[in-house]
Amino acid sequence: MRLIIKRFLVAKIISFLLLFILTGFFFSCNKQADDKRLQITIWYPFGGLTGQFFNKLIDEYESAHPQIDIKPVYTGGYAVTARKVITGIVSGIFPEGGIIPAAPLFTGRTGNYRIQDYLNSPQGLNQDDFYPVLWEFNKFKNKICSLPFANSTPVLFYNKDLLKKAGLNPDQPPETWRQLKTMAKKITESSNNEGNKNVWGVAISNQDWILKSMIIQNGGQIIDSTGKKPMFNSDKAVEVLEFWRNLIEEKLTPPAMHTRARAQFFGGRAAFLLVTSGMVNTSIKTADFEFGVAFVPKFNPDNQYCVTVGGVSLALFPSNPKKEQAAWDFFRWLLSKEIVSRWAVQTGYIPIRKSALESEIIQDLFLKNPQYKAGFEQIAYAQTYQHFWQMGGMDEYLRKAIEQVELNAASPKQALDEAAQSLLKDIQEE
């Protein structure tokens, strides 16, 4: 009898669970059927306050477009996001769109130029209102295959208190690298007593990015027009790295400590900091001393001023026509003058439209926080080089070359030649 009752109870429980599961399933199906919104997935690499603001923008867009349901997926930082896209290339599984580092390598290189069709349509964008370098940054083999969005330039931070202490004008930052060296030397001499190293002249973050800017400033190139031949070991480039070595020799910058560059500066232990303009936003809120931000110094004063540009782009991945159009419409909204201006103010990324730079919201920002001005205005002088598949490897080789020189393990020419040979081997093996 007990066995029969036990079996009866088990059967009832199983029936109840099945009913619960099936009811949930049909409820879910009915819910999907009732929700007529078109869902699109967007990958994004921003954490912290920037990620929160991006999600806020999505909420705003959905409120104004109730027929669209945007599913934002945080994919980690830039490097992690790139790896996820590579996995997508292998598996064929992509979102409808994404904010992607080195986007042309994951769109144009795979034959995805759909963005051009939308750009050239009646619902396209006024390309003339964007800085030309940003279209170059989003090309593969001279064809646009992604859209500018979250871009930055390197800038020079300077500690006004340390400049004052050394008898320097805190409102006149160096305009050339040689001026920077002179000022850095004076600051370290006035700050350090009895041979104790208390303050460095300059700390350098994103060292490979800074080196590439300096090489271009000196009239050199990074890669040839075919994307097949490294050019960063030319005489112009060697001259730059020799200057860099001299900063080490004169104890004006610490060797092989680039990951600590930001901490050194904001800890009051470096007078100057070379870093991305994206740091301005956070630094204003956290720094406990007065600092200024200036253009990256010119390496060769006889050449036209320039810096390199960095950041992430909007990528459109193939899907069905309705979802593809929905992703494009969202991108076009993100790139409107109003949103571009608000994005710049909230995140510190540069305003990528000329009209946005001139907008009231940006000009008010300059009055309240002039530290933004250099990074935002520098984009007009930025340059870039074409994307090629081995770009990530190149940056690693350049970081290694810099470290070898800083630790006196190789001469500038030896280090750059070795880096160029390593990159060339990678290119030839593709």
# chains A, B, ... in the order shown; residues from 1 in each chain; ligands from 1
>>> residues_around(residues="A:Leu274", least_positions_apart="2", cutoff="9 Å", atoms="only C-alpha atoms", output="PyMOL selection string")
chain A and resi 154-157+202-207+210+261-262+272+276+296
>>> closest_atom_pairs(of="stretch 114-176 of chain A", to="stretch 284-288 of chain A", cutoff="12 Å", atoms="only C-alpha atoms", output="tab-separated table")
residue	atom	partner	partner_atom	distance
A:Phe157	CA	A:Ile284	CA	11.4
A:Tyr158	CA	A:Ala287	CA	11.8
A:Asn159	CA	A:Ala287	CA	10.2
A:Lys160	CA	A:Asp288	CA	11.7
A:Asp161	CA	A:Asp288	CA	10.9
>>> residues_around(residues="A:Phe149", least_positions_apart="3", cutoff="12 Å", atoms="only C-alpha atoms", output="number ranges by chain")
A: 44, 54, 98-101, 103, 130-131, 134-135, 137-138, 146, 152, 310-315, 331-337, 339-341, 343-344, 347, 349-353
>>> residues_around(residues="A:Phe295", least_positions_apart="6", cutoff="12 Å", atoms="only C-alpha atoms", output="PDB file with C-alpha atoms, in the first residue's frame")
ATOM      1  CA  THR A 153      44.394  60.985 -29.195  1.00  0.00           C
ATOM      2  CA  PRO A 154      47.491  60.973 -26.977  1.00  0.00           C
ATOM      3  CA  VAL A 155      47.979  64.116 -24.897  1.00  0.00           C
ATOM      4  CA  LEU A 156      50.471  65.596 -22.440  1.00  0.00           C
ATOM      5  CA  PHE A 157      49.373  65.956 -18.802  1.00  0.00           C
ATOM      6  CA  TYR A 158      51.485  68.269 -16.632  1.00  0.00           C
ATOM      7  CA  GLN A 172      53.204  77.346 -20.639  1.00  0.00           C
ATOM      8  CA  PRO A 173      53.678  73.596 -21.256  1.00  0.00           C
ATOM      9  CA  PRO A 174      56.428  72.456 -23.637  1.00  0.00           C
ATOM     10  CA  GLU A 175      55.702  72.609 -27.360  1.00  0.00           C
ATOM     11  CA  THR A 176      58.543  70.337 -28.471  1.00  0.00           C
ATOM     12  CA  TRP A 177      60.144  67.206 -27.048  1.00  0.00           C
ATOM     13  CA  LEU A 180      59.970  68.952 -22.508  1.00  0.00           C
ATOM     14  CA  SER A 213      53.250  59.402 -32.980  1.00  0.00           C
ATOM     15  CA  LEU A 273      52.533  62.182 -18.395  1.00  0.00           C
ATOM     16  CA  LEU A 274      52.015  61.017 -21.970  1.00  0.00           C
ATOM     17  CA  VAL A 275      48.679  59.200 -22.043  1.00  0.00           C
ATOM     18  CA  THR A 276      45.386  58.897 -23.905  1.00  0.00           C
ATOM     19  CA  SER A 277      42.988  61.847 -23.921  1.00  0.00           C
ATOM     20  CA  TYR A 305      52.158  68.968 -36.298  1.00  0.00           C
ATOM     21  CA  CYS A 306      50.533  65.538 -36.052  1.00  0.00           C
ATOM     22  CA  VAL A 307      49.565  62.741 -33.671  1.00  0.00           C
ATOM     23  CA  THR A 308      48.076  59.306 -34.168  1.00  0.00           C
ATOM     24  CA  GLN A 371      41.802  70.181 -19.655  1.00  0.00           C
ATOM     25  CA  TYR A 372      39.504  68.701 -22.325  1.00  0.00           C
ATOM     26  CA  LYS A 373      40.466  71.246 -24.960  1.00  0.00           C
ATOM     27  CA  ALA A 374      43.802  69.807 -26.143  1.00  0.00           C
ATOM     28  CA  GLY A 375      42.571  66.281 -26.758  1.00  0.00           C
ATOM     29  CA  PHE A 376      39.400  67.453 -28.456  1.00  0.00           C
ATOM     30  CA  GLU A 377      41.126  69.961 -30.730  1.00  0.00           C
ATOM     31  CA  GLN A 378      44.091  67.728 -31.522  1.00  0.00           C
ATOM     32  CA  ILE A 379      41.960  65.465 -33.721  1.00  0.00           C
ATOM     33  CA  ALA A 380      42.179  68.073 -36.489  1.00  0.00           C
ATOM     34  CA  TYR A 381      45.900  67.259 -36.754  1.00  0.00           C
ATOM     35  CA  ALA A 382      45.717  63.502 -36.348  1.00  0.00           C
TER      36      ALA A 382
END
>>> atom_distance(atom1="atom CA of A:Asp129", atom2="atom CA of A:Ser355")
6.6 Å
>>> select_by_dssp(residues="stretch 169-409 of chain A", states="strand (DSSP E or B)", output="number ranges by chain")
A: 176, 200-204, 223, 230, 270-276, 291-294, 298, 307-308, 310-316, 353, 382-383
>>> write_last_selection(atoms="N, CA and C atoms", output="compact mmCIF listing (two decimals), in the first residue's frame")
# COMPACT_ATOMS: atom_id res chain seq x y z
N THR A 176 57.72 71.32 -27.77
CA THR A 176 58.54 70.34 -28.47
C THR A 176 59.09 69.34 -27.45
N TRP A 200 60.13 61.95 -11.14
CA TRP A 200 60.61 61.76 -12.51
C TRP A 200 60.17 62.93 -13.37
N GLY A 201 60.91 63.17 -14.42
CA GLY A 201 60.53 64.25 -15.32
C GLY A 201 59.28 63.92 -16.11
N VAL A 202 59.26 62.72 -16.73
CA VAL A 202 58.13 62.35 -17.57
C VAL A 202 57.84 60.86 -17.44
N ALA A 203 56.59 60.51 -17.34
CA ALA A 203 56.15 59.12 -17.33
C ALA A 203 55.38 58.89 -18.63
N ILE A 204 55.57 57.72 -19.23
CA ILE A 204 54.99 57.46 -20.56
C ILE A 204 54.10 56.22 -20.50
N ILE A 223 54.07 51.77 -41.64
CA ILE A 223 53.96 50.66 -42.60
C ILE A 223 53.85 51.27 -43.99
N PRO A 230 57.16 46.78 -43.10
CA PRO A 230 57.35 47.66 -41.95
C PRO A 230 58.30 48.81 -42.29
N ALA A 270 55.73 62.34 -10.94
CA ALA A 270 56.17 62.62 -12.31
C ALA A 270 55.58 63.96 -12.72
N ALA A 271 56.41 64.78 -13.36
CA ALA A 271 55.95 66.12 -13.74
C ALA A 271 55.07 66.09 -14.97
N PHE A 272 55.37 65.20 -15.91
CA PHE A 272 54.62 65.09 -17.15
C PHE A 272 54.15 63.65 -17.35
N LEU A 273 53.06 63.51 -18.08
CA LEU A 273 52.53 62.18 -18.39
C LEU A 273 52.02 62.18 -19.83
N LEU A 274 52.54 61.25 -20.63
CA LEU A 274 52.01 61.02 -21.97
C LEU A 274 51.00 59.89 -21.86
N VAL A 275 49.74 60.17 -22.26
CA VAL A 275 48.68 59.20 -22.04
C VAL A 275 47.53 59.53 -22.99
N THR A 276 46.54 58.65 -23.06
CA THR A 276 45.39 58.90 -23.91
C THR A 276 44.52 60.04 -23.38
N PHE A 291 46.31 70.19 -12.49
CA PHE A 291 47.06 69.73 -13.66
C PHE A 291 46.48 70.36 -14.93
N GLY A 292 47.34 70.44 -15.94
CA GLY A 292 46.92 70.92 -17.24
C GLY A 292 47.09 69.81 -18.27
N VAL A 293 46.49 70.01 -19.42
CA VAL A 293 46.60 69.06 -20.52
C VAL A 293 46.92 69.83 -21.79
N ALA A 294 47.94 69.38 -22.50
CA ALA A 294 48.39 70.08 -23.70
C ALA A 294 48.53 69.10 -24.86
N LYS A 298 55.84 68.44 -30.26
CA LYS A 298 56.36 68.09 -31.59
C LYS A 298 57.76 67.52 -31.44
N VAL A 307 49.58 63.83 -34.64
CA VAL A 307 49.56 62.74 -33.67
C VAL A 307 48.82 61.58 -34.31
N THR A 308 48.86 60.43 -33.68
CA THR A 308 48.08 59.31 -34.17
C THR A 308 46.72 59.27 -33.44
N GLY A 310 43.40 56.83 -32.01
CA GLY A 310 43.06 55.49 -31.55
C GLY A 310 41.59 55.40 -31.20
N GLY A 311 41.18 54.25 -30.70
CA GLY A 311 39.80 54.09 -30.27
C GLY A 311 39.10 52.92 -30.91
N VAL A 312 37.79 52.90 -30.77
CA VAL A 312 36.96 51.80 -31.28
C VAL A 312 35.88 52.35 -32.20
N SER A 313 35.38 51.47 -33.08
CA SER A 313 34.46 51.89 -34.15
C SER A 313 33.17 51.10 -34.11
N LEU A 314 32.18 51.61 -34.81
CA LEU A 314 30.90 50.92 -34.96
C LEU A 314 30.97 49.98 -36.15
N ALA A 315 30.69 48.72 -35.91
CA ALA A 315 30.74 47.70 -36.96
C ALA A 315 29.34 47.13 -37.19
N LEU A 316 28.96 47.00 -38.44
CA LEU A 316 27.67 46.42 -38.82
C LEU A 316 27.92 45.04 -39.39
N ARG A 353 32.51 64.86 -34.63
CA ARG A 353 31.93 65.74 -35.64
C ARG A 353 32.45 67.15 -35.42
N ALA A 382 45.38 64.92 -36.49
CA ALA A 382 45.72 63.50 -36.35
C ALA A 382 45.95 62.83 -37.70
N GLN A 383 46.77 61.79 -37.68
CA GLN A 383 47.03 60.96 -38.84
C GLN A 383 46.87 59.49 -38.44
>>> select_by_dssp(residues="stretch 253-345 of chain A", states="helix (DSSP H, G or I)", output="NGL selection string")
:A and (258-266 or 279-286 or 321-334 or 337-345)
>>> write_last_selection(atoms="N, CA and C atoms", output="short mmCIF file (atom, residue, chain, number, x, y, z; two decimals), in the first residue's frame")
data_model
loop_
_atom_site.label_atom_id
_atom_site.label_comp_id
_atom_site.auth_asym_id
_atom_site.auth_seq_id
_atom_site.Cartn_x
_atom_site.Cartn_y
_atom_site.Cartn_z
N HIS A 258 56.13 51.46 -17.68
CA HIS A 258 55.02 52.15 -18.35
C HIS A 258 53.66 51.82 -17.75
N THR A 259 53.52 50.62 -17.21
CA THR A 259 52.23 50.26 -16.60
C THR A 259 51.98 51.06 -15.32
N ARG A 260 53.03 51.66 -14.78
CA ARG A 260 52.89 52.45 -13.55
C ARG A 260 52.90 53.95 -13.84
N ALA A 261 52.93 54.32 -15.12
CA ALA A 261 53.07 55.73 -15.48
C ALA A 261 51.95 56.59 -14.90
N ARG A 262 50.73 56.13 -15.01
CA ARG A 262 49.60 56.93 -14.52
C ARG A 262 49.67 57.08 -13.00
N ALA A 263 49.99 55.99 -12.31
CA ALA A 263 50.09 56.04 -10.85
C ALA A 263 51.20 56.99 -10.41
N GLN A 264 52.32 57.00 -11.16
CA GLN A 264 53.42 57.88 -10.82
C GLN A 264 53.01 59.34 -10.94
N PHE A 265 52.31 59.66 -12.04
CA PHE A 265 51.91 61.05 -12.25
C PHE A 265 50.89 61.49 -11.20
N PHE A 266 49.84 60.71 -11.02
CA PHE A 266 48.78 61.13 -10.10
C PHE A 266 49.17 60.94 -8.64
N MET A 279 41.81 59.75 -20.57
CA MET A 279 42.06 59.82 -19.13
C MET A 279 41.58 61.12 -18.51
N VAL A 280 41.30 62.14 -19.33
CA VAL A 280 40.96 63.45 -18.79
C VAL A 280 39.71 63.38 -17.93
N ASN A 281 38.70 62.69 -18.42
CA ASN A 281 37.41 62.65 -17.73
C ASN A 281 37.55 62.14 -16.30
N THR A 282 38.21 61.00 -16.14
CA THR A 282 38.39 60.42 -14.80
C THR A 282 39.33 61.26 -13.94
N SER A 283 40.37 61.79 -14.57
CA SER A 283 41.40 62.52 -13.82
C SER A 283 40.87 63.79 -13.17
N ILE A 284 39.98 64.48 -13.85
CA ILE A 284 39.40 65.70 -13.30
C ILE A 284 38.69 65.41 -11.98
N LYS A 285 38.08 64.23 -11.91
CA LYS A 285 37.30 63.86 -10.74
C LYS A 285 38.16 63.32 -9.60
N THR A 286 39.36 62.84 -9.92
CA THR A 286 40.14 62.12 -8.90
C THR A 286 41.46 62.80 -8.51
N PRO A 321 17.48 41.80 -43.51
CA PRO A 321 17.36 43.22 -43.88
C PRO A 321 16.74 44.10 -42.80
N LYS A 322 15.72 43.62 -42.09
CA LYS A 322 15.07 44.45 -41.08
C LYS A 322 16.01 44.73 -39.91
N LYS A 323 16.70 43.70 -39.46
CA LYS A 323 17.62 43.90 -38.33
C LYS A 323 18.82 44.75 -38.73
N GLU A 324 19.29 44.55 -39.94
CA GLU A 324 20.43 45.33 -40.42
C GLU A 324 20.05 46.81 -40.49
N GLN A 325 18.85 47.09 -41.01
CA GLN A 325 18.38 48.47 -41.09
C GLN A 325 18.21 49.06 -39.70
N ALA A 326 17.71 48.26 -38.76
CA ALA A 326 17.52 48.74 -37.39
C ALA A 326 18.85 49.09 -36.73
N ALA A 327 19.86 48.26 -36.96
CA ALA A 327 21.19 48.54 -36.41
C ALA A 327 21.75 49.82 -37.02
N TRP A 328 21.57 49.99 -38.33
CA TRP A 328 22.05 51.22 -38.98
C TRP A 328 21.35 52.45 -38.41
N ASP A 329 20.04 52.37 -38.24
CA ASP A 329 19.30 53.51 -37.70
C ASP A 329 19.79 53.88 -36.31
N PHE A 330 20.09 52.88 -35.50
CA PHE A 330 20.63 53.14 -34.16
C PHE A 330 21.99 53.79 -34.26
N PHE A 331 22.85 53.31 -35.14
CA PHE A 331 24.18 53.89 -35.32
C PHE A 331 24.08 55.34 -35.78
N ARG A 332 23.18 55.59 -36.72
CA ARG A 332 23.03 56.95 -37.24
C ARG A 332 22.60 57.90 -36.12
N TRP A 333 21.74 57.41 -35.23
CA TRP A 333 21.32 58.22 -34.08
C TRP A 333 22.50 58.47 -33.14
N LEU A 334 23.30 57.44 -32.88
CA LEU A 334 24.47 57.61 -32.02
C LEU A 334 25.43 58.66 -32.58
N LYS A 337 24.76 64.92 -34.09
CA LYS A 337 25.54 65.97 -33.43
C LYS A 337 25.25 66.01 -31.93
N GLU A 338 23.96 65.91 -31.56
CA GLU A 338 23.60 66.00 -30.14
C GLU A 338 24.20 64.87 -29.33
N ILE A 339 24.07 63.64 -29.83
CA ILE A 339 24.57 62.50 -29.07
C ILE A 339 26.09 62.48 -29.04
N VAL A 340 26.73 62.82 -30.16
CA VAL A 340 28.19 62.90 -30.19
C VAL A 340 28.69 63.90 -29.16
N SER A 341 28.02 65.04 -29.04
CA SER A 341 28.42 66.07 -28.07
C SER A 341 28.25 65.57 -26.64
N ARG A 342 27.11 64.96 -26.37
CA ARG A 342 26.87 64.45 -25.01
C ARG A 342 27.83 63.30 -24.68
N TRP A 343 28.10 62.45 -25.64
CA TRP A 343 29.03 61.34 -25.44
C TRP A 343 30.41 61.86 -25.05
N ALA A 344 30.86 62.91 -25.75
CA ALA A 344 32.17 63.49 -25.46
C ALA A 344 32.23 64.08 -24.05
N VAL A 345 31.19 64.80 -23.66
CA VAL A 345 31.16 65.43 -22.34
C VAL A 345 31.13 64.38 -21.24
#
>>> closest_residue(among="A:Lys413, A:Phe388, A:Thr75, A:Thr87", to="A:Asp224", atoms="only C-alpha atoms")
A:Phe388
>>> residues_around(residues="A:Tyr397", least_positions_apart="4", cutoff="10 Å", atoms="only C-alpha atoms", output="ChimeraX atom specification")
/A:208,391-393,401-403,415-416,418-423
>>> atom_distance(atom1="atom CA of A:Leu407", atom2="atom CA of A:Asn246")
12.0 Å
